[in-house]
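Peer 1: Below is a structure I'd like to ask you about.
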Amino acid sequence: MKDKIPMLRLILAANLKRHRKTLNLSQEKLAEIAGVSWQTINSIESHRTWVSDNTLESLANALKSDPYQLLLPIEEDTIQKITNPNDSVKKLVKIKRAFDDSFNEIVNLIK
């Protein structure tokens with residue numbers, strides 16, 4: 001059975017990704033600026049690894065942030081989205097079905 005991912009690791013992953021995307025940085029570009037590998041960034045954002053204090057500081061500097069800001073709790077619904085990807089898939093399927101239904105209605109009106 002897979003161990004439960006520690007909450008602080010989820011928070012760090014979400015904050016890292018959010019800050020990175022706000023600055024319009026790819027994982028590769030952030031890694032280059034921070035002096036770490038892109039695999040490190042990917043592993044952190046995927047909840048597979050934790051960071052050393054030096055890495056946390058390097059990432060924060062690269063993101064023009066303070067290290068503590070990457071560890072601040074985020075909204076509970078955001079954490080739920082992170083820990084429950086099946087819900088996201090279900091929502092996407094509903095959106096696709098609604099789109100397909102609307103598209104089919106338009107096609108039928110044109111006929």
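Chain lettering (A, B, ...) mirrors the order of the structure tokens, residue numbering begins at 1 for each chain separately, and ligand numbering begins at 1 in order of display.
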Residues within 7 Å of segment 43-53 of chain A, please, as an MDAnalysis selection string. Count only C-alpha atoms; anything in the same chain fewer than 2 positions from it doesn't count.
Peer 2: chainID A and resid 9:10 13:14 16:17 39:41 55:57
Peer 1: Take the selection from the previous step and output its residues with N, CA, C and O atoms, as a PDB file, in the first residue's frame.
Peer 2:
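Saved file selection_26.pdb follows:
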```pdb
ATOM      1  N   ARG A   9       4.887  18.317   1.991  1.00  0.00           N
ATOM      2  CA  ARG A   9       5.385  18.016   0.646  1.00  0.00           C
ATOM      3  C   ARG A   9       4.357  18.438  -0.408  1.00  0.00           C
ATOM      4  O   ARG A   9       4.699  18.971  -1.464  1.00  0.00           O
ATOM      5  N   LEU A  10       3.072  18.223  -0.124  1.00  0.00           N
ATOM      6  CA  LEU A  10       2.011  18.670  -1.031  1.00  0.00           C
ATOM      7  C   LEU A  10       2.001  20.193  -1.152  1.00  0.00           C
ATOM      8  O   LEU A  10       1.840  20.738  -2.245  1.00  0.00           O
ATOM      9  N   ALA A  13       5.037  21.395  -3.186  1.00  0.00           N
ATOM     10  CA  ALA A  13       4.846  21.086  -4.603  1.00  0.00           C
ATOM     11  C   ALA A  13       3.885  22.081  -5.260  1.00  0.00           C
ATOM     12  O   ALA A  13       4.167  22.606  -6.343  1.00  0.00           O
ATOM     13  N   ALA A  14       2.764  22.329  -4.614  1.00  0.00           N
ATOM     14  CA  ALA A  14       1.764  23.242  -5.173  1.00  0.00           C
ATOM     15  C   ALA A  14       2.300  24.668  -5.255  1.00  0.00           C
ATOM     16  O   ALA A  14       2.112  25.353  -6.261  1.00  0.00           O
ATOM     17  N   LEU A  16       5.480  25.646  -5.337  1.00  0.00           N
ATOM     18  CA  LEU A  16       6.567  25.705  -6.316  1.00  0.00           C
ATOM     19  C   LEU A  16       5.993  25.824  -7.731  1.00  0.00           C
ATOM     20  O   LEU A  16       6.398  26.691  -8.516  1.00  0.00           O
ATOM     21  N   LYS A  17       5.042  24.981  -8.027  1.00  0.00           N
ATOM     22  CA  LYS A  17       4.430  24.986  -9.359  1.00  0.00           C
ATOM     23  C   LYS A  17       3.698  26.310  -9.616  1.00  0.00           C
ATOM     24  O   LYS A  17       3.802  26.885 -10.705  1.00  0.00           O
ATOM     25  N   GLN A  39      15.050  17.271 -13.266  1.00  0.00           N
ATOM     26  CA  GLN A  39      14.468  16.107 -12.608  1.00  0.00           C
ATOM     27  C   GLN A  39      14.156  16.414 -11.145  1.00  0.00           C
ATOM     28  O   GLN A  39      13.173  15.905 -10.598  1.00  0.00           O
ATOM     29  N   THR A  40      14.986  17.247 -10.531  1.00  0.00           N
ATOM     30  CA  THR A  40      14.737  17.656  -9.147  1.00  0.00           C
ATOM     31  C   THR A  40      13.430  18.428  -9.060  1.00  0.00           C
ATOM     32  O   THR A  40      12.591  18.158  -8.191  1.00  0.00           O
ATOM     33  N   ILE A  41      13.261  19.385  -9.963  1.00  0.00           N
ATOM     34  CA  ILE A  41      12.024  20.176  -9.972  1.00  0.00           C
ATOM     35  C   ILE A  41      10.826  19.256 -10.194  1.00  0.00           C
ATOM     36  O   ILE A  41       9.824  19.333  -9.483  1.00  0.00           O
ATOM     37  N   THR A  55      18.659  23.755  -1.279  1.00  0.00           N
ATOM     38  CA  THR A  55      17.827  23.689  -2.482  1.00  0.00           C
ATOM     39  C   THR A  55      16.598  24.569  -2.326  1.00  0.00           C
ATOM     40  O   THR A  55      16.220  25.285  -3.266  1.00  0.00           O
ATOM     41  N   LEU A  56      15.983  24.546  -1.173  1.00  0.00           N
ATOM     42  CA  LEU A  56      14.812  25.388  -0.923  1.00  0.00           C
ATOM     43  C   LEU A  56      15.178  26.860  -1.101  1.00  0.00           C
ATOM     44  O   LEU A  56      14.455  27.621  -1.747  1.00  0.00           O
ATOM     45  N   GLU A  57      16.318  27.255  -0.583  1.00  0.00           N
ATOM     46  CA  GLU A  57      16.762  28.644  -0.714  1.00  0.00           C
ATOM     47  C   GLU A  57      17.058  28.981  -2.177  1.00  0.00           C
ATOM     48  O   GLU A  57      16.691  30.059  -2.651  1.00  0.00           O
TER      49      GLU A  57
END
```
Peer 1: Which residues are near Leu70 of chain A? Cut-off 8 Å, only C-alpha atoms, ignore same chain within fewer than 4 positions. Put them as a PyMOL selection string.
Peer 2: chain A and resi 11-12+15-16+60+65-66
Peer 1: Using the selection just defined, write its residues with all heavy atoms as a short mmCIF file (atom, residue, chain, number, x, y, z; two decimals), in the first residue's frame.
Peer 2:
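Result file is result.cif:
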```cif
data_model
loop_
_atom_site.label_atom_id
_atom_site.label_comp_id
_atom_site.auth_asym_id
_atom_site.auth_seq_id
_atom_site.Cartn_x
_atom_site.Cartn_y
_atom_site.Cartn_z
N ILE A 11 2.16 20.85 -0.03
CA ILE A 11 2.16 22.32 -0.01
C ILE A 11 3.33 22.86 -0.81
O ILE A 11 3.18 23.75 -1.65
CB ILE A 11 2.17 22.84 1.44
CG1 ILE A 11 0.85 22.52 2.12
CG2 ILE A 11 2.45 24.34 1.47
CD1 ILE A 11 0.84 22.74 3.63
N LEU A 12 4.52 22.32 -0.57
CA LEU A 12 5.71 22.77 -1.30
C LEU A 12 5.52 22.55 -2.80
O LEU A 12 5.80 23.44 -3.61
CB LEU A 12 6.97 22.04 -0.81
CG LEU A 12 8.23 22.33 -1.62
CD1 LEU A 12 8.62 23.80 -1.55
CD2 LEU A 12 9.38 21.45 -1.15
N ASN A 15 2.97 25.12 -4.21
CA ASN A 15 3.52 26.47 -4.20
C ASN A 15 4.62 26.64 -5.23
O ASN A 15 4.69 27.65 -5.92
CB ASN A 15 4.02 26.85 -2.81
CG ASN A 15 2.89 27.18 -1.86
OD1 ASN A 15 1.82 27.60 -2.28
ND2 ASN A 15 3.12 26.98 -0.58
N LEU A 16 5.48 25.65 -5.34
CA LEU A 16 6.57 25.70 -6.32
C LEU A 16 5.99 25.82 -7.73
O LEU A 16 6.40 26.69 -8.52
CB LEU A 16 7.45 24.46 -6.20
CG LEU A 16 8.63 24.38 -7.15
CD1 LEU A 16 9.62 25.50 -6.88
CD2 LEU A 16 9.32 23.03 -7.02
N ALA A 60 13.73 29.35 -4.00
CA ALA A 60 13.06 30.59 -3.60
C ALA A 60 13.73 31.79 -4.28
O ALA A 60 13.04 32.67 -4.81
CB ALA A 60 13.09 30.75 -2.09
N SER A 65 11.36 34.91 -4.39
CA SER A 65 10.51 34.68 -3.23
C SER A 65 11.38 34.41 -2.01
O SER A 65 12.59 34.29 -2.13
CB SER A 65 9.62 33.46 -3.54
OG SER A 65 8.79 33.16 -2.47
N ASP A 66 10.76 34.33 -0.87
CA ASP A 66 11.46 33.90 0.34
C ASP A 66 11.16 32.42 0.55
O ASP A 66 10.06 31.96 0.23
CB ASP A 66 10.96 34.69 1.56
CG ASP A 66 11.41 36.14 1.53
OD1 ASP A 66 12.59 36.37 1.18
OD2 ASP A 66 10.58 37.03 1.82
#
```
Peer 1: Taking into account only C-alpha atoms, which residue in the set A:Ile95, A:Asn42, A:Leu109, A:Ser37 is nearest to Ser58 of chain A?
Peer 2: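 Of A:Ile95, A:Asn42, A:Leu109, A:Ser37, the one nearest Ser58 of chain A is A:Ser37, counting only C-alpha atoms.
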Peer 1: Would you list the contacts of Leu63 of chain A as a list in words, taking every protein, DNA or RNA residue within 8 Å and counting only C-alpha atoms, but skipping same-chain residues closer than 2 positions in sequence?
Peer 2: His19, Arg20, Leu23, Leu30, Leu59, Ala60, Asn61 and Ser65 of chain A
Peer 1: For those residues, write N, CA and C atoms to a file as a PDB file, in the first residue's frame.
Peer 2:
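Result file is again_6.pdb:
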```
ATOM      1  N   HIS A  19       4.226  29.331  -8.206  1.00  0.00           N
ATOM      2  CA  HIS A  19       5.195  30.416  -8.373  1.00  0.00           C
ATOM      3  C   HIS A  19       5.886  30.315  -9.733  1.00  0.00           C
ATOM      4  N   ARG A  20       6.247  29.099 -10.119  1.00  0.00           N
ATOM      5  CA  ARG A  20       6.933  28.878 -11.398  1.00  0.00           C
ATOM      6  C   ARG A  20       6.057  29.315 -12.564  1.00  0.00           C
ATOM      7  N   LEU A  23       5.629  33.069 -13.011  1.00  0.00           N
ATOM      8  CA  LEU A  23       6.777  33.678 -13.696  1.00  0.00           C
ATOM      9  C   LEU A  23       6.958  33.139 -15.111  1.00  0.00           C
ATOM     10  N   LEU A  30      13.498  26.929 -14.696  1.00  0.00           N
ATOM     11  CA  LEU A  30      13.637  27.120 -13.253  1.00  0.00           C
ATOM     12  C   LEU A  30      14.851  26.365 -12.732  1.00  0.00           C
ATOM     13  N   LEU A  59      15.746  27.597  -4.851  1.00  0.00           N
ATOM     14  CA  LEU A  59      14.472  27.668  -5.562  1.00  0.00           C
ATOM     15  C   LEU A  59      13.752  28.983  -5.261  1.00  0.00           C
ATOM     16  N   ALA A  60      13.726  29.349  -3.995  1.00  0.00           N
ATOM     17  CA  ALA A  60      13.063  30.592  -3.601  1.00  0.00           C
ATOM     18  C   ALA A  60      13.730  31.794  -4.281  1.00  0.00           C
ATOM     19  N   ASN A  61      15.047  31.824  -4.294  1.00  0.00           N
ATOM     20  CA  ASN A  61      15.748  32.927  -4.949  1.00  0.00           C
ATOM     21  C   ASN A  61      15.421  32.970  -6.436  1.00  0.00           C
ATOM     22  N   SER A  65      11.360  34.909  -4.390  1.00  0.00           N
ATOM     23  CA  SER A  65      10.509  34.678  -3.235  1.00  0.00           C
ATOM     24  C   SER A  65      11.383  34.410  -2.015  1.00  0.00           C
TER      25      SER A  65
END
```
